[in-house]
$ cat my_file-v2.txt   # compact mmCIF, C-alpha atoms
# COMPACT_ATOMS: atom_id res chain seq x y z
CA ALA L 1 121.70 169.55 114.54
CA MET L 2 118.62 167.64 113.44
CA HIS L 3 116.75 170.69 112.18
CA ASP L 4 119.69 171.58 109.91
CA LEU L 5 118.70 168.68 107.66
CA MET L 6 115.66 170.69 106.63
CA LEU L 7 117.81 173.46 105.19
CA PRO L 8 118.63 172.68 101.54
CA GLU L 9 122.08 173.58 100.36
CA THR L 10 122.19 176.63 98.09
CA PRO L 11 124.16 175.65 94.99
CA ASP L 12 127.47 177.46 94.66
CA PRO L 13 128.11 178.49 91.03
CA ARG L 14 131.86 178.27 91.70
CA ARG L 15 131.67 174.58 92.63
CA ARG L 16 132.55 172.18 89.83
CA ILE L 17 129.43 170.50 88.50
CA ASN L 18 129.68 167.01 87.05
CA ALA L 19 127.10 167.12 84.26
CA LEU L 20 125.77 164.86 81.52
CA ILE L 21 123.95 166.10 78.43
CA LEU L 22 121.76 163.78 76.39
CA ASP L 23 121.25 165.20 72.89
CA ASP L 24 121.51 163.49 69.52
CA ASP L 25 122.42 166.72 67.73
CA GLU L 26 126.14 167.53 67.71
CA HIS L 27 125.41 171.16 66.83
CA ASP L 28 123.17 171.55 69.89
CA ARG L 29 125.72 169.86 72.16
CA SER L 30 128.42 172.19 70.84
CA ARG L 31 126.16 175.17 71.46
CA PHE L 32 125.52 173.99 75.00
CA ARG L 33 129.25 173.56 75.64
CA ARG L 34 129.89 177.09 74.39
CA PHE L 35 127.20 178.61 76.59
CA SER L 36 128.37 176.68 79.63
CA ASN L 37 131.92 177.96 79.09
CA GLN L 38 130.61 181.51 78.75
CA SER L 39 128.57 181.28 81.94
CA GLN L 40 130.01 181.60 85.44
CA LEU L 41 129.46 177.89 86.07
CA SER L 42 132.29 175.38 86.35
CA ILE L 43 130.92 172.37 84.47
CA ASP L 44 132.63 169.10 83.64
CA LEU L 45 130.44 168.12 80.72
CA HIS L 46 129.95 164.56 79.50
CA GLU L 47 127.94 163.93 76.33
CA GLU L 48 125.83 161.07 75.04
CA PRO L 49 123.62 161.02 71.90
CA THR L 50 121.19 158.20 72.82
CA ILE L 51 119.21 156.92 75.80
CA GLU L 52 120.96 153.56 75.49
CA ARG L 53 124.42 155.10 75.80
CA MET L 54 123.23 157.40 78.57
CA ALA L 55 122.06 154.34 80.54
CA VAL L 56 125.56 152.89 80.35
CA LYS L 57 127.08 156.19 81.50
CA LEU L 58 124.67 156.36 84.45
CA GLU L 59 125.99 153.02 85.66
CA GLN L 60 129.55 154.32 85.53
CA GLN L 61 129.27 157.76 87.15
CA CYS L 62 127.25 159.87 89.53
CA PHE L 63 126.19 163.24 88.11
CA ASP L 64 125.17 166.45 89.83
CA LEU L 65 123.24 167.55 86.76
CA ILE L 66 121.66 165.82 83.76
CA ILE L 67 120.45 167.81 80.75
CA VAL L 68 117.96 165.95 78.59
CA ASP L 69 116.83 166.88 75.09
CA TYR L 70 113.22 165.96 74.40
CA ASN L 71 113.61 164.84 70.77
CA LEU L 72 115.93 161.84 70.52
CA THR L 73 116.60 159.21 67.88
CA ASP L 74 115.82 156.28 70.18
CA GLY L 75 112.92 157.78 72.13
CA ASP L 76 112.12 161.05 73.84
CA GLY L 77 113.03 163.00 76.95
CA LEU L 78 110.26 161.46 79.03
CA MET L 79 111.65 158.00 78.32
CA ALA L 80 115.06 159.31 79.36
CA LEU L 81 113.59 160.52 82.66
CA GLU L 82 112.29 157.04 83.35
CA GLN L 83 115.76 155.64 82.67
CA ILE L 84 117.33 158.15 85.05
CA LYS L 85 114.88 157.21 87.81
CA ARG L 86 116.02 153.59 87.48
CA SER L 87 119.62 154.63 88.24
CA VAL L 88 120.22 154.34 91.98
CA ALA L 89 123.29 156.58 91.77
CA ASN L 90 121.58 159.32 89.74
CA ARG L 91 117.90 159.35 90.62
CA ALA L 92 118.53 162.37 92.89
CA SER L 93 120.48 164.33 90.26
CA ALA L 94 119.18 167.72 89.14
CA ILE L 95 117.48 167.32 85.74
CA VAL L 96 116.89 169.99 83.12
CA MET L 97 114.92 169.27 79.95
CA ILE L 98 115.57 171.28 76.79
CA THR L 99 113.51 171.25 73.61
CA GLY L 100 112.98 173.09 70.36
CA ASP L 101 109.29 172.13 70.31
CA SER L 102 106.46 174.26 71.59
CA GLN L 103 104.29 171.55 73.14
CA PRO L 104 102.20 173.33 75.79
CA ASN L 105 101.79 170.30 78.08
CA LEU L 106 105.36 169.05 77.86
CA PRO L 107 106.78 171.01 80.84
CA VAL L 108 103.97 169.77 83.08
CA ARG L 109 104.54 166.15 82.03
CA ALA L 110 108.28 166.54 82.50
CA PHE L 111 107.92 167.99 86.01
CA ARG L 112 105.57 165.18 87.00
CA GLN L 113 108.22 162.66 85.98
CA GLY L 114 110.96 164.22 88.07
CA CYS L 115 112.37 167.03 85.93
CA HIS L 116 113.51 170.04 88.00
CA ASP L 117 113.54 172.74 85.33
CA PHE L 118 112.74 173.24 81.67
CA ILE L 119 114.11 175.57 79.01
CA SER L 120 113.48 176.12 75.32
CA LYS L 121 116.43 176.02 72.94
CA GLU L 122 115.27 179.39 71.61
CA ASP L 123 115.72 180.93 75.06
CA LEU L 124 119.10 179.33 75.70
CA SER L 125 121.93 181.75 76.50
CA PRO L 126 124.84 181.75 78.99
CA GLY L 127 122.80 183.69 81.55
CA ALA L 128 119.63 181.65 81.05
CA LEU L 129 121.62 178.43 81.27
CA GLN L 130 123.24 179.44 84.55
CA GLU L 131 119.94 180.51 86.08
CA THR L 132 118.21 177.29 84.98
CA VAL L 133 121.00 175.03 86.20
CA LEU L 134 121.19 176.65 89.64
CA SER L 135 117.40 176.62 89.95
CA ALA L 136 117.26 172.91 89.08
CA MET L 137 120.03 172.02 91.52
CA ARG L 138 118.38 174.03 94.29
CA LEU L 139 115.05 172.27 93.73
CA ALA L 140 116.76 168.86 93.60
CA ASN L 141 118.43 169.62 96.95
CA GLU L 142 115.11 170.66 98.46
CA ARG L 143 113.40 167.49 97.29
CA MET L 144 116.21 165.32 98.58
CA SER L 145 116.17 167.09 101.97
CA GLN L 146 112.44 166.41 102.23
CA VAL L 147 112.88 162.77 101.24
CA LEU L 148 115.60 162.32 103.87
CA MET L 149 113.45 163.93 106.57
CA ASP L 150 110.44 161.80 105.61
CA ARG L 151 112.62 158.70 105.99
CA LEU L 152 114.41 159.83 109.15
CA GLN L 153 111.41 161.10 111.08
CA PRO L 154 109.88 157.67 111.84
CA LEU L 155 113.32 156.37 112.86
CA ILE L 156 113.84 159.36 115.17
CA PHE L 157 110.44 158.91 116.81
CA GLU L 158 111.08 155.18 117.18
CA ALA L 159 114.46 155.85 118.80
CA ILE L 160 112.89 158.35 121.20
CA ASN L 161 110.06 155.96 122.02
CA GLU L 162 112.46 153.08 122.66
CA SER L 163 114.62 155.35 124.78
CA PHE L 164 111.67 156.35 126.97
CA HIS L 165 110.56 152.73 127.33
CA GLY L 166 113.99 151.14 127.64
CA ASP L 167 115.40 149.51 130.76
CA ALA L 168 117.97 152.30 131.27
CA PHE L 169 115.23 154.93 131.29
CA LYS L 170 113.08 152.90 133.70
CA ALA L 171 116.03 152.33 136.04
CA MET L 172 116.86 156.04 136.02
CA LEU L 173 113.22 156.92 136.66
CA ASP L 174 112.91 154.42 139.54
CA LYS L 175 116.10 155.67 141.15
CA THR L 176 115.09 159.34 140.88
CA MET L 177 111.56 158.80 142.15
CA ASN L 178 112.78 156.63 145.05
CA GLU L 179 115.28 159.31 146.02
CA ALA L 180 112.55 161.95 145.76
CA LEU L 181 110.16 159.94 147.94
CA ARG L 182 112.89 159.15 150.45
CA GLY L 183 113.74 162.83 150.67
CA ARG L 184 110.10 163.72 151.25
CA GLN L 185 109.79 161.10 154.00
CA GLU L 186 112.84 162.61 155.65
CA GLY L 187 111.17 166.01 155.64
CA ASP L 188 113.01 167.59 152.72
CA ALA L 189 110.12 169.33 150.95
CA GLN L 190 112.32 170.40 148.06
CA MET L 191 113.61 166.93 147.28
CA PRO L 192 110.83 165.77 144.94
CA SER L 193 111.05 168.70 142.58
CA GLU L 194 114.82 168.78 142.75
CA GLY L 195 115.04 165.05 142.07
CA ILE L 196 112.71 165.23 139.11
CA SER L 197 114.58 168.26 137.80
CA ASP L 198 117.89 166.42 138.13
CA PHE L 199 116.35 163.43 136.37
CA TYR L 200 115.24 165.48 133.37
CA THR L 201 118.59 167.25 133.22
CA SER L 202 120.39 163.92 133.24
CA TYR L 203 118.07 162.38 130.66
CA LEU L 204 118.26 165.42 128.38
CA ALA L 205 122.06 165.28 128.43
CA ASP L 206 121.91 161.58 127.56
CA TYR L 207 119.42 162.30 124.74
CA LYS L 208 121.57 165.06 123.25
CA GLU L 209 124.61 162.77 123.34
CA LYS L 210 122.71 160.13 121.37
CA PHE L 211 120.69 162.23 118.94
CA GLY L 212 122.16 165.74 118.96
CA GLU L 213 120.25 169.00 119.20
CA ILE L 214 116.77 169.19 117.66

$ encode --input "my_file-v2.txt" --output "structure tokens"
Amino acid sequence: AMHDLMLPETPDPRRRINALILDDDEHDRSRFRRFSNQSQLSIDLHEEPTIERMAVKLEQQCFDLIIVDYNLTDGDGLMALEQIKRSVANRASAIVMITGDSQPNLPVRAFRQGCHDFISKEDLSPGALQETVLSAMRLANERMSQVLMDRLQPLIFEAINESFHGDAFKAMLDKTMNEALRGRQEGDAQMPSEGISDFYTSYLADYKEKFGEI
């Protein structure tokens, strides 16, 4: 049904999550692996230490989740977000930024550039990781659902408009109205309303066959 597209999928923690972590610190990546294993999430974790190597990985795979450290040797997390947005296959991935810094404006800047959630390394734990990951994936799904509806809505209205103005519609309308008028001329007072009712029933069935329920 068309309205079902508006309902974002609730992430299932049991589903395997294909994830990429960008962090230049091996200790932090190891810590993240340990916490992900201790959580109830099923994560296939890929690791890259630089934005350059992450860019190559983004061309090779599609990820459900991308975890980005803010402090990197070849840039920062905001630069990484820009790189992710340039990846056609991964621009809709859920993105979580992690940092050991306490920059007050950083979360706001990250969210504006497409990040879905943000967590401090000090607050990282198996439970916090799971909550943050599921929250980010839920928000990513919501945003994607909205994007799809924004793109589909004009196409749907155009299809409806063309259907109402198409030759098939006009032919059906002419036939129904002629039958209704003929019935009225023959003294059948119920024919007009019945004919119009039959017309709408027929057209609605044709519409549902083409476009589904809305």

$ closest_residue --input "my_file-v2.txt" --among "L:Leu106, L:Cys62, L:Ile17, L:Ile67" --to "Ala89 (chain L)" --atoms "all atoms listed in the file"
L:Cys62

$ residues_around --input "my_file-v2.txt" --residues "Ile43 (chain L)" --least-positions-apart "3" --cutoff "10 Å" --atoms "only C-alpha atoms" --output "list in words"
Pro13, Arg14, Arg15, Arg16, Ile17, Asn18, Ala19, Leu20, Arg33, Ser36, Asn37, Ser39, Gln40, His46, Asp64 and Leu65 of chain L

$ write_last_selection --input "my_file-v2.txt" --atoms "C-alpha atoms" --output "short mmCIF file (atom, residue, chain, number, x, y, z; two decimals), in the frame of the given file"
data_model
loop_
_atom_site.label_atom_id
_atom_site.label_comp_id
_atom_site.auth_asym_id
_atom_site.auth_seq_id
_atom_site.Cartn_x
_atom_site.Cartn_y
_atom_site.Cartn_z
CA PRO L 13 128.11 178.49 91.03
CA ARG L 14 131.86 178.27 91.70
CA ARG L 15 131.67 174.58 92.63
CA ARG L 16 132.55 172.18 89.83
CA ILE L 17 129.43 170.50 88.50
CA ASN L 18 129.68 167.01 87.05
CA ALA L 19 127.10 167.12 84.26
CA LEU L 20 125.77 164.86 81.52
CA ARG L 33 129.25 173.56 75.64
CA SER L 36 128.37 176.68 79.63
CA ASN L 37 131.92 177.96 79.09
CA SER L 39 128.57 181.28 81.94
CA GLN L 40 130.01 181.60 85.44
CA HIS L 46 129.95 164.56 79.50
CA ASP L 64 125.17 166.45 89.83
CA LEU L 65 123.24 167.55 86.76
#

$ atom_distance --input "my_file-v2.txt" --atom1 "CA of Glu82 (chain L)" --atom2 "CA of Phe118 (chain L)"
16.3 Å

$ residues_around --input "my_file-v2.txt" --residues "region 122-136 of chain L" --least-positions-apart "6" --cutoff "6 Å" --atoms "all atoms listed in the file" --output "count of residues only"
5

$ atom_distance --input "my_file-v2.txt" --atom1 "CA of Glu59 (chain L)" --atom2 "CA of Arg31 (chain L)"
26.3 Å

$ closest_residue --input "my_file-v2.txt" --among "L:Val88, L:Ala171, L:Leu152, L:Leu81" --to "Phe111 (chain L)" --atoms "all atoms listed in the file"
L:Leu81

$ atom_distance --input "my_file-v2.txt" --atom1 "CA of Tyr70 (chain L)" --atom2 "CA of Met97 (chain L)"
6.7 Å

$ residues_around --input "my_file-v2.txt" --residues "Ala80 (chain L)" --least-positions-apart "3" --cutoff "12 Å" --atoms "all atoms listed in the file" --output "PDB file with C-alpha atoms, in the frame of the given file"
ATOM      1  CA  ILE L  21     123.950 166.100  78.430  1.00  0.00           C
ATOM      2  CA  LEU L  22     121.760 163.780  76.390  1.00  0.00           C
ATOM      3  CA  ASP L  23     121.250 165.200  72.890  1.00  0.00           C
ATOM      4  CA  GLU L  48     125.830 161.070  75.040  1.00  0.00           C
ATOM      5  CA  PRO L  49     123.620 161.020  71.900  1.00  0.00           C
ATOM      6  CA  THR L  50     121.190 158.200  72.820  1.00  0.00           C
ATOM      7  CA  ILE L  51     119.210 156.920  75.800  1.00  0.00           C
ATOM      8  CA  GLU L  52     120.960 153.560  75.490  1.00  0.00           C
ATOM      9  CA  ARG L  53     124.420 155.100  75.800  1.00  0.00           C
ATOM     10  CA  MET L  54     123.230 157.400  78.570  1.00  0.00           C
ATOM     11  CA  ALA L  55     122.060 154.340  80.540  1.00  0.00           C
ATOM     12  CA  LEU L  58     124.670 156.360  84.450  1.00  0.00           C
ATOM     13  CA  ILE L  66     121.660 165.820  83.760  1.00  0.00           C
ATOM     14  CA  ILE L  67     120.450 167.810  80.750  1.00  0.00           C
ATOM     15  CA  VAL L  68     117.960 165.950  78.590  1.00  0.00           C
ATOM     16  CA  ASP L  69     116.830 166.880  75.090  1.00  0.00           C
ATOM     17  CA  TYR L  70     113.220 165.960  74.400  1.00  0.00           C
ATOM     18  CA  ASN L  71     113.610 164.840  70.770  1.00  0.00           C
ATOM     19  CA  LEU L  72     115.930 161.840  70.520  1.00  0.00           C
ATOM     20  CA  THR L  73     116.600 159.210  67.880  1.00  0.00           C
ATOM     21  CA  ASP L  74     115.820 156.280  70.180  1.00  0.00           C
ATOM     22  CA  GLY L  75     112.920 157.780  72.130  1.00  0.00           C
ATOM     23  CA  ASP L  76     112.120 161.050  73.840  1.00  0.00           C
ATOM     24  CA  GLY L  77     113.030 163.000  76.950  1.00  0.00           C
ATOM     25  CA  GLN L  83     115.760 155.640  82.670  1.00  0.00           C
ATOM     26  CA  ILE L  84     117.330 158.150  85.050  1.00  0.00           C
ATOM     27  CA  LYS L  85     114.880 157.210  87.810  1.00  0.00           C
ATOM     28  CA  ARG L  86     116.020 153.590  87.480  1.00  0.00           C
ATOM     29  CA  SER L  87     119.620 154.630  88.240  1.00  0.00           C
ATOM     30  CA  ARG L  91     117.900 159.350  90.620  1.00  0.00           C
ATOM     31  CA  ILE L  95     117.480 167.320  85.740  1.00  0.00           C
ATOM     32  CA  VAL L  96     116.890 169.990  83.120  1.00  0.00           C
ATOM     33  CA  MET L  97     114.920 169.270  79.950  1.00  0.00           C
ATOM     34  CA  ALA L 110     108.280 166.540  82.500  1.00  0.00           C
ATOM     35  CA  GLN L 113     108.220 162.660  85.980  1.00  0.00           C
ATOM     36  CA  GLY L 114     110.960 164.220  88.070  1.00  0.00           C
ATOM     37  CA  CYS L 115     112.370 167.030  85.930  1.00  0.00           C
TER      38      CYS L 115
END

$ closest_residue --input "my_file-v2.txt" --among "L:Leu41, L:Ala140, L:Val147, L:Val56" --to "Ala92 (chain L)" --atoms "only C-alpha atoms"
L:Ala140
